[in-house]
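I have placed the structure first, in the form of structure tokens, so that the comments after it can refer back to it.
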Amino acid sequence: MPFCTRLLCCTGDTSDARTPNSKKSSSPTIPPSDYDGKSKNELKRDNTLSPPVGNSINFMLLGTAGSGKSTIFKQFDKMFQTDLFTGGRSESVEAIKEFIRASFLRLTRLLRENYEYESEDLQLFVGDLQDSSKSVDIFDNLNDNALNNLVQIWNIIKSELGSQICQQESEFYFMEKLQDCLSPNFMPTDDDYLRCRVETQRSERRRYENVSFGKQNWVLTLTDVRGNKDDRRSWFSSFEDVDYFLYISSLADYNLCMEEDTSRNRLKDSLETFGEVLESLKTVSSFNKKSVIVLLNKEDSFKEKIRTDPLENHFTHFRPNKTNDVTEGKYFIKSQFVQIARKKGLDEKMDVKFTSAIDRKFGDKIIQSLLKNVISDILKN
């Protein structure tokens, strides 16, 4: 099928990221699974990812760091290989606890230095929280008194800091649940696990067999690659054997900076990287058989952020009819991707969807729709 027969844009989810002037902090991150994990060199040499034979479809997740690729990876597991999803959910317990500890470290430092706590004991407790080694000890040996102090401090933080709480991915969500998350018998829910960021530290691959769709069984292969700037060159060596590229970009990155280069806007970097991906695909010998699906992710976070930080503050050529308008903002961002594809002659039949990868119905809304379109194209051709 022609390259641009199906060039989709979709949007949704949130990532741990910082504004250009904020300090770097940790986010709920769990180490990548060893299941089918491959280094970049292994990925390049791997012969298991072959062109479509029979009912097989090969997908590759592309996107810059923090775009939400790992969440989409988990959503595929949830839909097609529930044992892996359940196992990963159990393994996220410590990562969530560490995220809460790091959030207290960050947020208490944002409180004004002369803030007077209700008691000297609470003041001393905050001092220990701001000491990295002592705060680890507090969370490793948590007792009822310490937990009560944490709840009290969190209520002060909400009152004093307001919107500054939400700079990090799912920070407010996990802090509101801190008593549950720090309990000895805590078991993350599906929502907890989907919000717990998985940092892609090496290329990973899943093979989902016997996926029933349209009266046939299909074999789906999904590959996730690192999105950091230094790792992107390795993407292109694996393009030949991929049928569909899922390019993930975050709407919520419009006011964030890159960790690798704090002077560079993350959404603008994603747009530039998208152009490089399209350009590289033109050099692939099987170019005419490739398709790209652009998922513009994190619509939920975008809706929250644009209320207090207008898009035009960061994209000065954006001239909305109404400030802080969600619809105008997201369609403007979509238009930036369309323009890049149009300049390269690849904008035919572009289908645009907005979504959130942390949505518990993501599988039904996006994955099913994606497979329906992809399989329809395959059978048609």
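Every chain in the structure tokens has a letter given in the order shown (A, B, ...), and although residue numbers restart at 1 in each chain, ligands are simply numbered from 1 in the order shown.
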
Item to complete: Report the residues of range 183-322 of chain A whose backbone DSSP state falls under alpha helix (DSSP H), written as an MDAnalysis selection string.
Response: chainID A and resid 190:195 266:281 299:305

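Using only C-alpha atoms, the contacts of Tyr193 in chain A at a cut-off of 10 Å, with sequence neighbours closer than 6 positions omitted, comprise Pro28, Ile30, Thr71, Lys74, Phe85, Thr86, Gly88, Arg89, Ser90, Glu91, Ser92, Val93, Ala95, Ile96, Met187 and Ile358 of chain A.
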
May I have the selected residues written with C-alpha atoms, as an mmCIF file, in the first residue's frame?
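Once everything was written out, this is part.cif:
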data_model
loop_
_atom_site.group_PDB
_atom_site.id
_atom_site.type_symbol
_atom_site.label_atom_id
_atom_site.label_comp_id
_atom_site.auth_asym_id
_atom_site.auth_seq_id
_atom_site.Cartn_x
_atom_site.Cartn_y
_atom_site.Cartn_z
ATOM 1 C CA PRO A 28 7.402 7.139 38.986
ATOM 2 C CA ILE A 30 10.142 1.334 36.818
ATOM 3 C CA THR A 71 2.269 3.660 28.460
ATOM 4 C CA LYS A 74 1.647 -1.332 28.546
ATOM 5 C CA PHE A 85 0.670 -6.438 32.387
ATOM 6 C CA THR A 86 -0.178 -7.976 35.769
ATOM 7 C CA GLY A 88 4.584 -5.236 35.601
ATOM 8 C CA ARG A 89 1.869 -3.782 37.808
ATOM 9 C CA SER A 90 3.176 -5.736 40.817
ATOM 10 C CA GLU A 91 6.735 -4.596 40.113
ATOM 11 C CA SER A 92 5.717 -0.912 40.130
ATOM 12 C CA VAL A 93 5.151 -0.753 43.932
ATOM 13 C CA ALA A 95 8.756 2.895 41.901
ATOM 14 C CA ILE A 96 5.559 4.590 43.059
ATOM 15 C CA MET A 187 -1.017 -3.273 45.409
ATOM 16 C CA ILE A 358 -3.612 6.478 30.418
#

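Taking the backbone of this structure through DSSP, the residues of range 219-351 of chain A that come out as strand (DSSP E or B) are Val219, Leu220, Thr221, Leu222, Thr223, Asp224, Tyr244, Phe245, Leu246, Tyr247, Ile248, Ser249, Ser250, Cys257, Asn265, Ser291, Val292, Ile293, Val294, Leu295, Leu296, Asn297, Met350 and Asp351 of chain A.
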
Fill in: Spatial neighbours of Ser369 in chain A, 12 Å, only C-alpha atoms, chain gap at least 4 places, as a PyMOL selection string
chain A and resi 8+10+213+293+351+353+361-365+373-376

Resulting file, chosen residues, all heavy atoms, as a compact mmCIF listing (two decimals), in the first residue's frame:
# COMPACT_ATOMS: atom_id res chain seq x y z
N LEU A 8 -2.02 8.50 10.27
CA LEU A 8 -2.96 8.88 11.32
C LEU A 8 -2.30 9.77 12.35
O LEU A 8 -1.14 9.60 12.66
CB LEU A 8 -3.50 7.64 12.03
CG LEU A 8 -4.15 6.56 11.16
CD1 LEU A 8 -4.56 5.40 12.05
CD2 LEU A 8 -5.35 7.10 10.43
N CYS A 10 -2.94 10.90 16.38
CA CYS A 10 -3.77 10.70 17.56
C CYS A 10 -3.14 11.42 18.74
O CYS A 10 -1.95 11.61 18.75
CB CYS A 10 -3.92 9.21 17.87
SG CYS A 10 -4.44 8.23 16.46
N PHE A 213 -9.13 -11.10 14.91
CA PHE A 213 -9.70 -9.87 14.37
C PHE A 213 -10.23 -10.16 12.97
O PHE A 213 -9.51 -10.65 12.12
CB PHE A 213 -8.64 -8.76 14.30
CG PHE A 213 -9.23 -7.37 14.30
CD1 PHE A 213 -9.33 -6.65 15.48
CD2 PHE A 213 -9.70 -6.80 13.13
CE1 PHE A 213 -9.89 -5.39 15.50
CE2 PHE A 213 -10.26 -5.54 13.13
CZ PHE A 213 -10.35 -4.82 14.31
N ILE A 293 1.63 6.20 11.69
CA ILE A 293 0.49 6.59 12.49
C ILE A 293 1.01 7.53 13.57
O ILE A 293 1.82 7.12 14.39
CB ILE A 293 -0.18 5.36 13.12
CG1 ILE A 293 -0.63 4.40 12.03
CG2 ILE A 293 -1.34 5.78 14.01
CD1 ILE A 293 -0.78 2.99 12.50
N ASP A 351 -5.74 10.97 8.84
CA ASP A 351 -6.84 10.77 9.80
C ASP A 351 -6.34 11.19 11.18
O ASP A 351 -5.31 10.72 11.63
CB ASP A 351 -7.23 9.29 9.80
CG ASP A 351 -8.43 9.02 10.68
OD1 ASP A 351 -9.05 10.00 11.13
OD2 ASP A 351 -8.72 7.84 10.92
N LYS A 353 -6.85 11.84 15.35
CA LYS A 353 -7.59 11.51 16.57
C LYS A 353 -6.83 12.06 17.77
O LYS A 353 -5.61 12.08 17.78
CB LYS A 353 -7.75 10.00 16.71
CG LYS A 353 -8.57 9.36 15.62
CD LYS A 353 -8.69 7.86 15.82
CE LYS A 353 -9.50 7.24 14.70
NZ LYS A 353 -9.61 5.76 14.85
N LYS A 361 -9.83 2.94 28.76
CA LYS A 361 -10.51 2.44 27.56
C LYS A 361 -9.67 2.65 26.30
O LYS A 361 -10.17 2.57 25.19
CB LYS A 361 -11.86 3.15 27.41
CG LYS A 361 -12.84 2.83 28.52
CD LYS A 361 -14.19 3.51 28.29
CE LYS A 361 -15.18 3.17 29.39
NZ LYS A 361 -16.49 3.84 29.18
N PHE A 362 -8.39 2.92 26.50
CA PHE A 362 -7.50 3.17 25.36
C PHE A 362 -7.51 2.00 24.38
O PHE A 362 -7.50 2.19 23.16
CB PHE A 362 -6.07 3.41 25.87
CG PHE A 362 -5.07 3.69 24.78
CD1 PHE A 362 -4.86 4.97 24.31
CD2 PHE A 362 -4.32 2.65 24.23
CE1 PHE A 362 -3.93 5.23 23.31
CE2 PHE A 362 -3.40 2.90 23.23
CZ PHE A 362 -3.20 4.19 22.78
N GLY A 363 -7.53 0.77 24.91
CA GLY A 363 -7.52 -0.40 24.04
C GLY A 363 -8.71 -0.43 23.11
O GLY A 363 -8.58 -0.68 21.90
N ASP A 364 -9.89 -0.16 23.67
CA ASP A 364 -11.10 -0.17 22.85
C ASP A 364 -11.17 1.02 21.91
O ASP A 364 -11.58 0.89 20.76
CB ASP A 364 -12.35 -0.18 23.76
CG ASP A 364 -12.46 -1.45 24.58
OD1 ASP A 364 -12.00 -2.50 24.10
OD2 ASP A 364 -12.99 -1.39 25.71
N LYS A 365 -10.75 2.18 22.40
CA LYS A 365 -10.86 3.39 21.60
C LYS A 365 -9.80 3.48 20.49
O LYS A 365 -10.09 3.87 19.37
CB LYS A 365 -10.73 4.63 22.50
CG LYS A 365 -11.90 4.87 23.44
CD LYS A 365 -11.64 6.12 24.27
CE LYS A 365 -12.79 6.40 25.21
NZ LYS A 365 -12.52 7.60 26.06
N ASN A 373 -8.33 -0.34 10.98
CA ASN A 373 -7.86 0.40 9.81
C ASN A 373 -6.70 -0.30 9.12
O ASN A 373 -6.65 -0.41 7.90
CB ASN A 373 -7.45 1.82 10.22
CG ASN A 373 -8.63 2.68 10.61
OD1 ASN A 373 -9.75 2.45 10.17
ND2 ASN A 373 -8.38 3.67 11.45
N VAL A 374 -5.75 -0.79 9.95
CA VAL A 374 -4.57 -1.44 9.39
C VAL A 374 -4.95 -2.72 8.66
O VAL A 374 -4.53 -2.97 7.52
CB VAL A 374 -3.55 -1.75 10.52
CG1 VAL A 374 -2.49 -2.73 10.04
CG2 VAL A 374 -2.90 -0.46 11.00
N ILE A 375 -5.74 -3.57 9.30
CA ILE A 375 -6.11 -4.84 8.70
C ILE A 375 -7.00 -4.62 7.47
O ILE A 375 -6.88 -5.34 6.47
CB ILE A 375 -6.80 -5.75 9.74
CG1 ILE A 375 -5.76 -6.18 10.79
CG2 ILE A 375 -7.43 -6.98 9.08
CD1 ILE A 375 -6.35 -6.92 11.98
N SER A 376 -7.85 -3.61 7.53
CA SER A 376 -8.67 -3.28 6.37
C SER A 376 -7.81 -2.92 5.17
O SER A 376 -8.06 -3.35 4.04
CB SER A 376 -9.62 -2.11 6.71
OG SER A 376 -10.35 -1.70 5.57

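Candidate residues A:Leu61, A:Met258, A:Cys181, A:Leu251 were compared for distance to Phe332 in chain A, and the nearest is A:Leu251, using only C-alpha atoms.
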
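You can rank A:Ser56, A:Asp230, A:Gln368, A:Ile378 by their closest distance to Gln75 in chain A using only C-alpha atoms, and at the top of that list sits A:Gln368.
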
Discussion item. Residues near range 231-248 of chain A, anyone? I mean within 8 Å using only C-alpha atoms, not counting same-chain ones fewer than 4 positions away, as a count of residues only.
Written reply: 37

Fill in: Who sits within 10 Å of range 117-130 of chain A, only C-alpha atoms, same chain under 6 positions skipped, as a PyMOL selection string
chain A and resi 101-102+104-109+136-139+146+149-150+152-153+156
